[in-house]
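What follows is a single structure, written as structure tokens, with notes after it.
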Amino acid sequence: MATIDLDGPALAPPKGEVSNLNDPPNQNGLAYTVLIICAVITTICFLLRAYGRVYLLKKFQTEEILTTLAYGNYWGAAYATFKMVDTPGYFVHQWNVRLKDVIPTNYWVLIFGVCYSFVLPFLKIAILVEWCRLFVPKGTRTKSIFWWGCMIIGFVQATSNTAIVVALNMQCNPHEAIWDFRIPGAKCWDLHKLQVASATIHLCCDIAIFLLPQQVIWKLKMSWKKRMGVSVIFGLGLLACVSAAFRLAVTVKYGKAADALYALAPLVFWATAEMTCGFFIVCVPCVPKILKETGVIRNIKRAFGMSTAPTNPNTADRYAKSGTKGSQLSSTGPKSYYKLDEDGVPLGTLKGSESTEYLRDNDNTNNGQGITRTTQIKITQDNRSTSDSEGHAAFPASQKPWGV
């Protein structure tokens, strides 16, 4: 049996090249920059969501559990990527790496792959669950195409990635042979097809998640500008589609590369970016609501001396006429007010005039002015007198409103 030189190069150098095993050229500085930026963005997104949802809004639902699990696995993958900076390094040619250093590299690649296969399904299922809460009313879920679309994507993510994790850990028999090629009699199968399948599934699911909410958003009863804003926020899934597409491309290239260690770097970078995009997407849609409900935007405006009053001077009037249940609107009299129900009809009048006054919601205003109040006067006529001097007058049966 031939003896393996573990201190020799992991790959024979090409013609004109000499192995540099002691201080090989690398781009570890670039690796540190990319990995640290991704880790910082991921952590900020996770903490921002946790602060807004758990601390401010007092909500800890299924989405928070899944996001927390994803964040824990993210750091498992991140730890593996930082360990590979030391051995073998990033963008290091395989002929500049000792054969024995391939063993820990294979181990960290396995750890990264397993953690990666947990992070993405946790995040995507969390996103889908949250979207179902937003867009699908209770009692109509089984009738909603959007709900069934979310369920199908979630099922594909859960089952496929579970199978991928199992396959990653069963690619060799015995298990240690996955990273230690020195074990005699080991049986392994080619992992490249599984890697391509994983990247393809994630890309297809990312595209589906990107397109799924758009139809629902554009059917919402709100202004065109607001629909556009919501569409842009939920359209951030395009970032995940881009990173997943690049990850698929480099995965295909990685399987065909003779210099596998050198081709490993872009694969790790794009997979890490894909996970970071997932955290960014799961965080951003809840930020505007959190800022609005907690008054952060108002406080920021005050800090910069900006006005916090409504931009339209008639906003308060429209709000008063909108008929929100339990609201109160002052009358022209100093001691009169009206309690409005949801339809804008007064529930009671205190110390007002003897007539019954109705506040109407009139959308057909002219320059902010219009009919804001109508008065119904009940007139009785004495049939025994026809004299106009009695002060009686006949009114039409229908009520005639006028502006006050």
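Here's how to read the names in the structure tokens: chain A, B, ... by the order shown, residue numbers from 1 in each chain, ligand numbers from 1 in the order shown.
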task: Write down as a PyMOL selection string the residues of stretch 112-297 of chain A whose backbone DSSP state falls under helix (DSSP H, G or I).
output: chain A and resi 112-135+141-143+145-168+175-178+192-217+224-234+237-256+260-294+296-297
message: Please list as a ChimeraX atom specification every residue within 12 Å of A:Thr68, counting only C-alpha atoms and excluding residues in the same chain fewer than 2 positions away.
response: /A:42-43,45-47,49-50,54,60-66,70-75,118-119,122-123,126,279,282
Dump N, CA and C atoms for the selected residues as a short mmCIF file (atom, residue, chain, number, x, y, z; two decimals), in the first residue's frame?
data_model
loop_
_atom_site.label_atom_id
_atom_site.label_comp_id
_atom_site.auth_asym_id
_atom_site.auth_seq_id
_atom_site.Cartn_x
_atom_site.Cartn_y
_atom_site.Cartn_z
N THR A 42 -26.63 40.74 9.81
CA THR A 42 -27.51 39.70 10.34
C THR A 42 -27.87 39.96 11.79
N THR A 43 -26.87 40.30 12.60
CA THR A 43 -27.11 40.54 14.02
C THR A 43 -27.98 41.77 14.25
N CYS A 45 -30.22 43.02 12.19
CA CYS A 45 -31.58 42.66 11.78
C CYS A 45 -32.27 41.81 12.84
N PHE A 46 -31.55 40.84 13.38
CA PHE A 46 -32.14 39.96 14.39
C PHE A 46 -32.49 40.74 15.66
N LEU A 47 -31.57 41.58 16.13
CA LEU A 47 -31.82 42.35 17.35
C LEU A 47 -32.92 43.39 17.15
N ARG A 49 -35.48 43.19 15.08
CA ARG A 49 -36.77 42.49 15.09
C ARG A 49 -37.14 42.05 16.52
N ALA A 50 -36.16 41.52 17.24
CA ALA A 50 -36.42 41.07 18.61
C ALA A 50 -36.85 42.25 19.49
N VAL A 54 -40.64 41.61 20.42
CA VAL A 54 -40.72 41.02 21.76
C VAL A 54 -40.79 42.09 22.84
N PHE A 60 -44.31 37.19 21.04
CA PHE A 60 -43.34 36.12 20.83
C PHE A 60 -44.10 34.94 20.24
N GLN A 61 -44.18 34.95 18.92
CA GLN A 61 -44.99 33.96 18.21
C GLN A 61 -44.08 32.96 17.50
N THR A 62 -44.71 32.16 16.66
CA THR A 62 -43.97 31.12 15.94
C THR A 62 -42.82 31.71 15.13
N GLU A 63 -43.06 32.88 14.53
CA GLU A 63 -42.02 33.51 13.72
C GLU A 63 -40.77 33.82 14.53
N GLU A 64 -40.97 34.27 15.77
CA GLU A 64 -39.82 34.61 16.61
C GLU A 64 -39.02 33.36 16.98
N ILE A 65 -39.71 32.26 17.24
CA ILE A 65 -39.02 31.01 17.55
C ILE A 65 -38.18 30.55 16.36
N LEU A 66 -38.77 30.58 15.17
CA LEU A 66 -38.06 30.15 13.97
C LEU A 66 -36.88 31.07 13.67
N ALA A 70 -32.96 30.10 13.54
CA ALA A 70 -32.15 30.41 12.36
C ALA A 70 -30.90 31.19 12.74
N TYR A 71 -31.04 32.13 13.67
CA TYR A 71 -29.89 32.93 14.08
C TYR A 71 -28.84 32.07 14.78
N GLY A 72 -29.27 31.14 15.60
CA GLY A 72 -28.32 30.23 16.24
C GLY A 72 -27.56 29.39 15.24
N ASN A 73 -28.26 28.86 14.24
CA ASN A 73 -27.59 28.07 13.21
C ASN A 73 -26.72 28.94 12.31
N TYR A 74 -27.11 30.20 12.14
CA TYR A 74 -26.27 31.11 11.36
C TYR A 74 -24.88 31.21 11.97
N TRP A 75 -24.82 31.32 13.29
CA TRP A 75 -23.52 31.45 13.93
C TRP A 75 -22.74 30.13 13.91
N PHE A 118 -30.27 24.46 7.72
CA PHE A 118 -31.26 24.76 8.75
C PHE A 118 -31.68 26.23 8.71
N VAL A 119 -30.74 27.12 8.45
CA VAL A 119 -31.01 28.56 8.51
C VAL A 119 -32.10 28.96 7.52
N PHE A 122 -35.79 27.72 8.17
CA PHE A 122 -36.34 28.41 9.34
C PHE A 122 -36.78 29.83 8.98
N LEU A 123 -35.94 30.55 8.25
CA LEU A 123 -36.26 31.92 7.88
C LEU A 123 -37.43 32.00 6.91
N ALA A 126 -40.67 31.18 8.59
CA ALA A 126 -41.05 32.31 9.45
C ALA A 126 -41.68 33.43 8.62
N PHE A 279 -32.32 37.17 6.71
CA PHE A 279 -32.55 37.93 7.94
C PHE A 279 -32.99 39.35 7.63
N VAL A 282 -36.72 39.18 6.66
CA VAL A 282 -37.62 38.89 7.78
C VAL A 282 -37.71 40.05 8.76
#
Residue neighbourhood A:Leu264, 12 Å, only C-alpha atoms, exclusion window fewer than 6 positions, as a list of chain:residue names: A:Ala31, A:Thr81, A:Met84, A:Val85, A:Pro88, A:Gly89, A:Tyr90, A:Phe91, A:Val92, A:His93, A:Gln94, A:Thr105, A:Asn106, A:Trp108, A:Val109, A:Phe112, A:Arg247, A:Val250, A:Thr251, A:Val252, A:Lys253, A:Tyr254, A:Gly255, A:Lys256, A:Ala257, A:Ala258, A:Trp270, A:Ala271
Go ahead and save the picked residues with C-alpha atoms, as a JSON list (two decimals), in the first residue's frame.
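Wrote it out as selection08.json, contents follow:
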[["chain", "number", "residue", "atom", "x", "y", "z"],
["A", 31, "ALA", "CA", -12.85, 37.15, 3.43],
["A", 81, "THR", "CA", -16.34, 30.15, 7.79],
["A", 84, "MET", "CA", -11.47, 28.29, 7.28],
["A", 85, "VAL", "CA", -9.64, 31.62, 7.23],
["A", 88, "PRO", "CA", -6.73, 26.58, 4.35],
["A", 89, "GLY", "CA", -7.45, 30.29, 3.73],
["A", 90, "TYR", "CA", -9.63, 31.89, 1.08],
["A", 91, "PHE", "CA", -8.68, 31.94, -2.59],
["A", 92, "VAL", "CA", -5.71, 29.68, -1.91],
["A", 93, "HIS", "CA", -4.76, 27.28, -4.68],
["A", 94, "GLN", "CA", -4.93, 23.65, -3.72],
["A", 105, "THR", "CA", -11.35, 21.93, 5.82],
["A", 106, "ASN", "CA", -13.70, 19.09, 4.89],
["A", 108, "TRP", "CA", -15.82, 22.75, 8.50],
["A", 109, "VAL", "CA", -17.44, 22.52, 5.08],
["A", 112, "PHE", "CA", -21.32, 24.94, 7.24],
["A", 247, "ARG", "CA", -24.93, 30.62, -5.32],
["A", 250, "VAL", "CA", -20.84, 28.99, -8.27],
["A", 251, "THR", "CA", -22.08, 25.60, -7.03],
["A", 252, "VAL", "CA", -22.14, 24.26, -10.57],
["A", 253, "LYS", "CA", -18.69, 25.71, -11.20],
["A", 254, "TYR", "CA", -17.38, 24.28, -7.91],
["A", 255, "GLY", "CA", -18.32, 20.74, -8.90],
["A", 256, "LYS", "CA", -16.38, 20.99, -12.15],
["A", 257, "ALA", "CA", -13.30, 22.70, -10.70],
["A", 258, "ALA", "CA", -10.07, 20.74, -10.41],
["A", 270, "TRP", "CA", -22.68, 33.70, -1.76],
["A", 271, "ALA", "CA", -24.19, 31.17, 0.64]]
- request: Rounded to one decimal place, report the atom CA of A:His175-atom CA of A:Pro104 distance in Å.
  value: 14.5 Å
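Between atom CA of A:Ala80 and atom CA of A:Ala265 the separation is 12.5 Å.
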task: For each of A:Pro137, A:Gly278, A:Pro184, A:Pro121, take the minimum atom-to-atom distance to A:Ala158, counting only C-alpha atoms, then give the residue where this is smallest.
output: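 Ranked by minimum distance to A:Ala158, first place goes to A:Pro121.
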- request: Point out the residue among A:Lys124, A:Ala167, A:Lys187, A:Ile233 with the least atom-to-atom distance to A:Ile207, counting only C-alpha atoms.
  value: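 Comparing A:Lys124, A:Ala167, A:Lys187, A:Ile233 against A:Ile207, the winner is A:Lys124.
The nearest approach to A:Leu11 among the residues A:Cys204, A:Ile297, A:Leu56, A:Val97, with only C-alpha atoms taken into account, belongs to A:Val97.
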Can you pull out every residue within 9 Å of A:Asn161, counting only C-alpha atoms, but drop anything in the same chain fewer than 4 positions away, and send it as a compact mmCIF listing (two decimals) with C-alpha atoms, in the first residue's frame?
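File written: around.txt
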# COMPACT_ATOMS: atom_id res chain seq x y z
CA SER A 117 -29.56 23.85 5.47
CA PHE A 118 -31.26 24.76 8.75
CA LEU A 120 -32.84 29.08 5.23
CA PRO A 121 -35.92 26.91 5.86
CA VAL A 156 -41.09 21.93 0.25
CA GLN A 157 -38.58 23.81 2.40
CA VAL A 165 -29.23 17.35 6.17
CA VAL A 166 -29.70 13.58 6.42
CA SER A 198 -30.22 22.22 -2.87
message: Excluding A:Gly149 and its own-chain neighbours fewer than 5 positions away, which residues fall within 10 Å of it when counting only C-alpha atoms? Please give them as a list in words.
response: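 In the requested form, the answer reads Leu128, Ser144, Gly154, Phe155, Ala208, Ile209, Leu212 and Pro213 of chain A.
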task: Please provide the set of residues having any atom within 9 Å of A:Ala245, restricted to only C-alpha atoms, with same-chain residues fewer than 3 positions apart removed, written as a PyMOL selection string.
output: chain A and resi 199-200+203+240-242+248-250
Filtering to C-alpha atoms, could you give me those residues as a PDB file, in the first residue's frame?
ATOM      1  CA  ALA A 199     -29.277  25.455  -4.634  1.00  0.00           C
ATOM      2  CA  THR A 200     -31.990  24.918  -7.264  1.00  0.00           C
ATOM      3  CA  LEU A 203     -33.738  29.578  -5.918  1.00  0.00           C
ATOM      4  CA  ALA A 240     -32.545  36.619  -1.949  1.00  0.00           C
ATOM      5  CA  CYS A 241     -33.281  35.595  -5.543  1.00  0.00           C
ATOM      6  CA  VAL A 242     -30.098  37.291  -6.771  1.00  0.00           C
ATOM      7  CA  LEU A 248     -26.342  28.126  -7.844  1.00  0.00           C
ATOM      8  CA  ALA A 249     -23.896  29.335 -10.498  1.00  0.00           C
ATOM      9  CA  VAL A 250     -20.837  28.989  -8.267  1.00  0.00           C
TER      10      VAL A 250
END
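Between A:Phe234 and the residues A:Ile127, A:Leu168, A:Ile183, A:Met151, the shortest atom-to-atom distance, using only C-alpha atoms, involves A:Ile127.
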task: From a DSSP pass on the backbone, collect the residues of stretch 128-193 of chain A flagged as strand (DSSP E or B) and hand them back as a count of residues only.
output: 4
query: Using only C-alpha atoms, which of A:Val216, A:Asn169, A:Asn299, A:Ala197 sits nearest A:Trp147?
result: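 Of all the options, A:Val216 lies closest to A:Trp147.
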